[in-house]
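Have a look at work_5.txt; it's compact mmCIF, C-alpha atoms:
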```
# COMPACT_ATOMS: atom_id res chain seq x y z
CA MET A 1 -54.66 -42.16 -21.34
CA VAL A 2 -52.59 -40.81 -18.48
CA PRO A 3 -53.95 -41.97 -15.14
CA LEU A 4 -54.87 -39.44 -12.46
CA LEU A 5 -52.23 -40.97 -10.19
CA TYR A 6 -49.39 -39.66 -12.40
CA PHE A 7 -50.56 -36.08 -12.04
CA GLN A 8 -50.90 -36.52 -8.29
CA LEU A 9 -47.40 -37.98 -8.02
CA LEU A 10 -46.09 -35.04 -10.05
CA GLY A 11 -47.76 -32.68 -7.58
CA ALA A 12 -46.30 -34.57 -4.60
CA ALA A 13 -42.78 -34.46 -6.07
CA LEU A 14 -43.07 -30.77 -6.87
CA PHE A 15 -44.29 -30.02 -3.34
CA GLY A 16 -41.35 -31.94 -1.88
CA ILE A 17 -38.85 -30.01 -4.00
CA GLY A 18 -40.43 -26.73 -2.90
CA LEU A 19 -40.33 -27.80 0.74
CA TYR A 20 -36.65 -28.64 0.42
CA GLY A 21 -36.02 -25.18 -1.02
CA VAL A 22 -37.88 -23.46 1.82
CA LEU A 23 -36.03 -25.46 4.48
CA ALA A 24 -32.52 -25.44 3.02
CA ARG A 25 -32.18 -21.99 1.46
CA ARG A 26 -30.96 -18.94 3.33
CA SER A 27 -31.59 -16.21 0.78
CA ALA A 28 -35.05 -14.71 1.24
CA VAL A 29 -35.59 -14.38 -2.52
CA LEU A 30 -34.93 -18.09 -3.08
CA ILE A 31 -37.29 -19.01 -0.23
CA VAL A 32 -40.10 -17.05 -1.89
CA LEU A 33 -39.38 -18.80 -5.20
CA SER A 34 -39.63 -22.17 -3.45
CA ILE A 35 -42.97 -21.19 -1.92
CA GLU A 36 -44.18 -20.51 -5.47
CA LEU A 37 -43.18 -24.06 -6.40
CA MET A 38 -45.26 -25.45 -3.52
CA LEU A 39 -48.30 -23.37 -4.53
CA ASN A 40 -47.97 -24.70 -8.06
CA ALA A 41 -47.90 -28.26 -6.78
CA VAL A 42 -51.20 -27.59 -5.00
CA ASN A 43 -52.65 -26.12 -8.18
CA ILE A 44 -51.65 -29.15 -10.26
CA ASN A 45 -53.32 -31.38 -7.69
CA LEU A 46 -56.53 -29.31 -7.62
CA ILE A 47 -56.86 -29.07 -11.38
CA SER A 48 -56.11 -32.74 -12.02
CA ALA A 49 -58.69 -33.80 -9.46
CA ALA A 50 -61.21 -31.35 -10.90
CA SER A 51 -60.66 -32.64 -14.40
CA TYR A 52 -60.73 -36.37 -13.62
CA LEU A 53 -63.53 -36.40 -11.04
CA ASN A 54 -65.72 -34.22 -13.21
CA GLY A 55 -68.04 -36.99 -14.31
CA THR A 56 -68.53 -38.57 -10.88
CA GLY A 57 -70.99 -35.99 -9.62
CA ARG A 58 -69.07 -35.43 -6.40
CA PHE A 59 -68.78 -31.72 -6.99
CA GLU A 60 -69.66 -29.21 -9.63
CA ALA A 61 -67.70 -29.05 -12.83
CA PHE A 62 -65.55 -25.97 -12.26
CA ASP A 63 -65.09 -25.86 -8.50
CA GLY A 64 -61.52 -27.16 -8.62
CA GLN A 65 -60.45 -24.75 -11.34
CA ILE A 66 -62.01 -21.78 -9.54
CA ILE A 67 -60.24 -22.65 -6.29
CA ALA A 68 -57.02 -22.82 -8.33
CA ILE A 69 -57.77 -19.31 -9.64
CA PHE A 70 -58.06 -18.11 -6.05
CA VAL A 71 -54.77 -19.81 -5.18
CA ILE A 72 -53.09 -17.96 -8.07
CA THR A 73 -54.64 -14.67 -6.90
CA VAL A 74 -53.39 -15.08 -3.36
CA ALA A 75 -49.98 -16.19 -4.66
CA ALA A 76 -49.70 -13.00 -6.71
CA ALA A 77 -50.59 -10.88 -3.68
CA GLU A 78 -48.11 -12.85 -1.60
CA VAL A 79 -45.28 -12.29 -4.07
CA GLY A 80 -45.93 -8.55 -4.16
CA LEU A 81 -45.95 -8.23 -0.38
CA ALA A 82 -43.01 -10.59 0.11
CA PHE A 83 -40.76 -8.63 -2.20
CA ALA A 84 -41.84 -5.33 -0.65
CA ILE A 85 -40.80 -6.73 2.73
CA ILE A 86 -37.54 -8.07 1.28
CA LEU A 87 -36.74 -4.68 -0.26
CA ARG A 88 -37.47 -2.96 3.05
CA MET A 89 -35.32 -5.49 4.89
CA TYR A 90 -32.49 -5.01 2.45
CA ARG A 91 -32.67 -1.23 2.83
CA ASN A 92 -32.72 -1.36 6.62
CA ARG A 93 -30.34 -4.21 7.33
CA GLY A 94 -28.30 -4.45 4.15
CA THR A 95 -28.84 -8.17 3.73
CA VAL A 96 -31.37 -10.69 2.44
CA ASN A 97 -29.85 -13.56 4.41
CA VAL A 98 -32.61 -14.79 6.69
CA ASP A 99 -30.10 -16.06 9.25
CA GLU A 100 -28.90 -12.52 9.89
CA ILE A 101 -32.38 -11.03 10.21
CA ASN A 102 -32.99 -11.84 13.86
CA LEU A 103 -34.44 -8.59 15.18
CA LEU A 104 -37.61 -10.31 16.42
CA LYS A 105 -35.81 -13.40 17.69
CA TRP A 106 -35.15 -13.93 21.40
CA MET B 1 -49.30 -39.54 -27.44
CA GLN B 2 -50.70 -37.98 -24.31
CA LEU B 3 -48.28 -39.98 -22.20
CA ALA B 4 -45.39 -38.60 -24.25
CA LEU B 5 -46.67 -35.05 -23.74
CA PHE B 6 -47.08 -35.75 -20.05
CA VAL B 7 -43.49 -36.97 -19.81
CA ILE B 8 -42.26 -33.82 -21.58
CA VAL B 9 -44.12 -31.38 -19.32
CA THR B 10 -43.12 -33.41 -16.25
CA ILE B 11 -39.46 -33.15 -17.20
CA LEU B 12 -39.90 -29.40 -17.75
CA THR B 13 -41.71 -28.88 -14.44
CA LEU B 14 -39.53 -31.03 -12.20
CA GLY B 15 -36.31 -30.07 -13.97
CA GLY B 16 -37.09 -26.39 -13.53
CA ALA B 17 -38.00 -26.97 -9.90
CA LEU B 18 -34.75 -28.82 -9.24
CA GLY B 19 -32.91 -25.97 -10.91
CA VAL B 20 -34.60 -23.47 -8.58
CA VAL B 21 -33.47 -25.29 -5.46
CA ALA B 22 -30.04 -26.30 -6.79
CA THR B 23 -28.56 -23.23 -8.44
CA ARG B 24 -26.55 -20.66 -6.54
CA ASN B 25 -27.28 -17.78 -8.92
CA VAL B 26 -30.52 -15.96 -8.07
CA VAL B 27 -31.22 -14.83 -11.64
CA HIS B 28 -30.77 -18.41 -12.86
CA ALA B 29 -33.16 -19.54 -10.13
CA ALA B 30 -35.80 -17.09 -11.36
CA LEU B 31 -35.38 -18.31 -14.95
CA PHE B 32 -35.59 -21.95 -13.82
CA LEU B 33 -38.79 -21.02 -11.98
CA LEU B 34 -40.16 -19.62 -15.24
CA LEU B 35 -39.37 -22.95 -16.93
CA SER B 36 -41.14 -24.85 -14.18
CA LEU B 37 -44.20 -22.59 -14.31
CA LEU B 38 -44.47 -22.96 -18.09
CA GLY B 39 -44.27 -26.72 -17.62
CA ALA B 40 -47.13 -26.46 -15.14
CA ALA B 41 -49.11 -24.53 -17.76
CA GLY B 42 -48.53 -27.47 -20.08
CA VAL B 43 -49.89 -29.79 -17.40
CA TYR B 44 -53.03 -27.65 -17.20
CA LEU B 45 -53.44 -27.88 -20.96
CA LEU B 46 -53.25 -31.67 -20.73
CA LEU B 47 -56.03 -31.50 -18.13
CA PHE B 48 -58.31 -29.44 -20.42
CA ALA B 49 -57.96 -26.35 -18.22
CA GLU B 50 -57.13 -23.90 -21.02
CA PHE B 51 -58.16 -20.83 -19.06
CA LEU B 52 -55.92 -21.80 -16.15
CA ALA B 53 -53.02 -22.39 -18.55
CA LEU B 54 -53.47 -18.88 -19.99
CA VAL B 55 -53.72 -17.36 -16.51
CA GLN B 56 -50.61 -19.26 -15.49
CA VAL B 57 -48.57 -17.96 -18.42
CA LEU B 58 -49.82 -14.38 -18.01
CA ILE B 59 -49.64 -14.02 -14.24
CA TYR B 60 -46.72 -16.27 -13.38
CA GLY B 61 -44.73 -16.16 -16.58
CA GLY B 62 -45.35 -12.45 -16.95
CA ALA B 63 -46.01 -10.64 -13.73
CA VAL B 64 -44.46 -12.76 -11.00
CA ILE B 65 -41.17 -13.42 -12.80
CA ILE B 66 -40.86 -9.71 -13.62
CA VAL B 67 -41.42 -8.84 -9.95
CA VAL B 68 -38.81 -11.41 -8.93
CA LEU B 69 -36.26 -10.04 -11.39
CA PHE B 70 -36.96 -6.47 -10.24
CA ALA B 71 -36.45 -7.51 -6.63
CA VAL B 72 -33.18 -9.24 -7.53
CA MET B 73 -32.07 -6.13 -9.40
CA LEU B 74 -32.94 -3.75 -6.56
CA THR B 75 -31.24 -5.87 -3.92
CA ARG B 76 -28.30 -6.87 -6.05
CA SER B 77 -25.27 -7.03 -3.93
CA SER B 78 -22.06 -8.93 -3.71
CA GLU B 79 -23.51 -11.07 -0.97
CA TYR B 80 -25.69 -13.31 -3.13
CA PRO B 81 -22.95 -15.80 -3.98
CA ARG B 82 -21.96 -15.85 -0.32
CA ILE B 83 -25.41 -16.93 0.90
CA THR B 84 -25.00 -20.65 0.81
CA ASP B 85 -27.55 -23.19 1.88
CA ASN B 86 -28.17 -24.09 5.48
CA ARG B 87 -25.85 -26.46 7.24
CA GLN B 88 -28.96 -28.54 7.96
CA TRP B 89 -29.64 -29.19 4.29
CA PRO B 90 -29.36 -33.00 4.62
CA LEU B 91 -32.13 -32.88 7.22
CA ALA B 92 -34.18 -30.71 4.89
CA LEU B 93 -33.58 -33.21 2.09
CA ILE B 94 -34.75 -36.11 4.27
CA THR B 95 -37.84 -34.19 5.41
CA ALA B 96 -38.83 -33.17 1.90
CA ALA B 97 -38.23 -36.64 0.48
CA ALA B 98 -40.22 -38.24 3.30
CA LEU B 99 -43.12 -35.86 2.75
CA SER B 100 -43.10 -36.59 -0.98
CA VAL B 101 -43.08 -40.34 -0.35
CA ILE B 102 -45.92 -40.10 2.18
CA LEU B 103 -48.02 -37.95 -0.16
CA GLY B 104 -47.29 -40.27 -3.07
CA ALA B 105 -48.19 -43.34 -1.00
CA ALA B 106 -51.43 -41.69 0.08
CA PHE B 107 -52.34 -41.01 -3.55
CA TRP B 108 -51.27 -44.53 -4.51
CA LEU B 109 -53.43 -46.20 -1.86
CA ALA B 110 -56.46 -43.95 -2.28
CA PRO B 111 -59.49 -45.58 -3.90
CA ASP B 112 -59.57 -44.83 -7.59
CA LEU B 113 -62.60 -42.65 -8.23
CA ALA B 114 -61.39 -41.18 -11.46
CA THR B 115 -63.22 -41.24 -14.71
CA GLU B 116 -61.78 -39.92 -17.93
CA PRO B 117 -60.72 -36.27 -17.85
CA GLN B 118 -63.41 -34.22 -19.47
CA ALA B 119 -63.50 -30.87 -21.13
CA PRO B 120 -66.61 -29.21 -19.70
CA ALA B 121 -68.34 -26.45 -21.63
CA PHE B 122 -66.05 -23.50 -21.24
CA THR B 123 -68.77 -20.93 -20.54
CA GLY B 124 -69.63 -22.80 -17.37
CA LEU B 125 -66.49 -21.41 -15.77
CA ALA B 126 -67.69 -17.82 -15.97
CA ALA B 127 -71.23 -18.78 -14.94
CA SER B 128 -69.96 -20.61 -11.89
CA LEU B 129 -67.45 -17.91 -11.01
CA PHE B 130 -69.99 -15.10 -11.06
CA THR B 131 -72.87 -16.90 -9.36
CA LYS B 132 -71.80 -19.56 -6.90
CA TRP B 133 -68.35 -18.09 -6.26
CA ALA B 134 -69.28 -14.41 -6.57
CA LEU B 135 -68.58 -13.50 -2.95
CA PRO B 136 -65.13 -15.14 -2.78
CA PHE B 137 -64.36 -13.49 -6.12
CA GLU B 138 -65.11 -10.04 -4.73
CA ILE B 139 -63.13 -10.79 -1.58
CA ALA B 140 -60.20 -11.86 -3.76
CA SER B 141 -60.25 -8.48 -5.49
CA LEU B 142 -60.22 -6.80 -2.07
CA VAL B 143 -57.28 -8.98 -1.01
CA LEU B 144 -55.34 -7.92 -4.11
CA LEU B 145 -56.09 -4.24 -3.52
CA VAL B 146 -55.06 -4.35 0.13
CA ALA B 147 -51.92 -6.35 -0.67
CA LEU B 148 -50.82 -3.90 -3.37
CA ILE B 149 -51.44 -0.84 -1.19
CA GLY B 150 -49.60 -2.54 1.66
CA ALA B 151 -46.70 -3.40 -0.65
CA ILE B 152 -46.44 0.23 -1.79
CA ILE B 153 -46.52 1.51 1.79
CA ILE B 154 -43.92 -1.00 2.97
CA ALA B 155 -41.52 -0.50 0.08
CA ARG B 156 -41.87 3.29 -0.17
CA VAL B 157 -38.90 5.46 0.70
CA GLN B 158 -39.80 6.96 4.03
CA SER B 159 -38.30 10.47 3.68
CA SER B 160 -41.53 12.05 2.44
CA THR B 161 -43.44 11.12 5.59
CA THR B 162 -41.19 13.01 7.99
CA ALA B 163 -43.00 16.32 7.50
CA ASP B 164 -44.31 16.18 11.06
CA ASN B 165 -42.04 16.86 13.99
CA SER B 166 -40.53 13.41 14.25
CA PRO B 167 -36.82 13.37 13.60
CA VAL B 168 -35.53 11.81 10.43
CA GLU B 169 -34.58 8.24 11.08
CA PRO B 170 -31.17 7.26 9.87
CA GLU B 171 -31.40 4.55 7.28
CA GLY B 172 -29.49 1.35 7.69
```
So that I can check it, write out the structure of this file as structure tokens.
Amino acid sequence: MVPLLYFQLLGAALFGIGLYGVLARRSAVLIVLSIELMLNAVNINLISAASYLNGTGRFEAFDGQIIAIFVITVAAAEVGLAFAIILRMYRNRGTVNVDEINLLKW
Amino acid sequence: MQLALFVIVTILTLGGALGVVATRNVVHAALFLLLSLLGAAGVYLLLFAEFLALVQVLIYGGAVIIVVLFAVMLTRSSEYPRITDNRQWPLALITAAALSVILGAAFWLAPDLATEPQAPAFTGLAASLFTKWALPFEIASLVLLVALIGAIIIARVQSSTTADNSPVEPEG
């Protein structure tokens, strides 16, 4: 039987990789992809906890999975909006490099 | 047996994730992301969350990756290979590694409450979703609607809205 800790460590590693991508990348598309990785790490954590703590009576059986469904919903909305903004940015400024998009920076 | 499956999906998930943050090619990054997301679906299957695994494959593997590839196609330019990583990437590496270690240590030191993973009766998911979580469910549908309308308005070509007296803005 795989212990719960392994799934949690997998989630922690995945979150760290996503964080590195968000911090180190300069292309807006790649930053959005890294954010997806971080959201997936959270989902793995939620679902593993929901599955393993099911019998302890600390919360109802499906709460963790349903919160994960909401995370996926919001992630889908986020991807749609993010790429609309990236397309708009590309059309107006001709670049997707976040270092060159400094219109609101002072 | 389960440990072997876990190792396989872990290699898929983390390998895909490393590919996303390591490759220079944006299309390759999207395909590596698909690999990672399918690995995550395998993790959900190991945790008896079949519905979540299906949703993951359909929404991420289908919709999100298609949107990503469309965005890459519509913004395709010669600049993608030029956009290298930040100069501060070693700092980013240290930060991310430190966060992973701290999270892992927190999980390691936490009291072990876990029992065996269980497969609850599948119909309970729908019952819970439409009774206890009915209001958040409806709000989620509203969020999706507003986000999609907003995405259309943001990404739309503006020339059709200049029917009033405002001058046509030059693009670019």
Quiz item: Taking only C-alpha atoms into account, which residues of chain A are within 6 Å of chain B, as a PyMOL selection string?
Solution: chain A and resi 2+9+12-13+16+19-21+23-26+51-53+62+77+81+84+88+92-93
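Reported to one decimal place, the separation of CA of Ala68 in chain A from CA of Leu142 in chain B is 17.5 Å.
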Quiz item: If you measure from CA of Met38 in chain A to CA of Asn102 in chain A, what distance in Å do you get, rounded to one decimal?
Solution: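 These two atoms are separated by 25.3 Å.
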Quiz item: Is there a way to get, as a list in words, all residues within 10 Å of the point (-41.2, -12.1, 0.7) in file coordinates, counting all atoms listed in the file?
Solution: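 Residues satisfying the cut-off, written out: Ala28, Val29, Leu30, Ile31, Val32, Leu33, Ile35, Glu78, Val79, Gly80, Leu81, Ala82, Phe83, Ala84, Ile85, Ile86, Leu87 and Met89 of chain A; Val68 and Ala71 of chain B.
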Self-check item: Nearest residue to Gln65 in chain A from the set B:Ala53, B:Gly42, B:Val9, B:Leu35 (distances using all atoms listed in the file)
Solution: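 Counting all atoms listed in the file, the residue closest to Gln65 in chain A is B:Ala53.
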Practice problem: Can you work out which one of A:Ser27, A:Asp63, A:Asn54, A:Gly18 has the shortest atom-to-atom distance to Ala41 in chain A, counting only C-alpha atoms? | Solution: A:Gly18
Around all the atoms of range 34-53 of chain A listed in the file, draw an axis-aligned box and extend it by 3 Å on each of the six sides; I want its centre and edge lengths in Å to one decimal, as lines of an AutoDock Vina configuration file.
```
center_x = -51.6
center_y = -28.5
center_z = -8.2
size_x = 29.9
size_y = 21.9
size_z = 18.5
```
Practice problem: Mind giving me the straight-line distance from CA of Leu45 in chain B to CA of Pro3 in chain A in Å, one decimal? | Solution: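 Value for the CA of Leu45 in chain B-CA of Pro3 in chain A distance: 15.3 Å.
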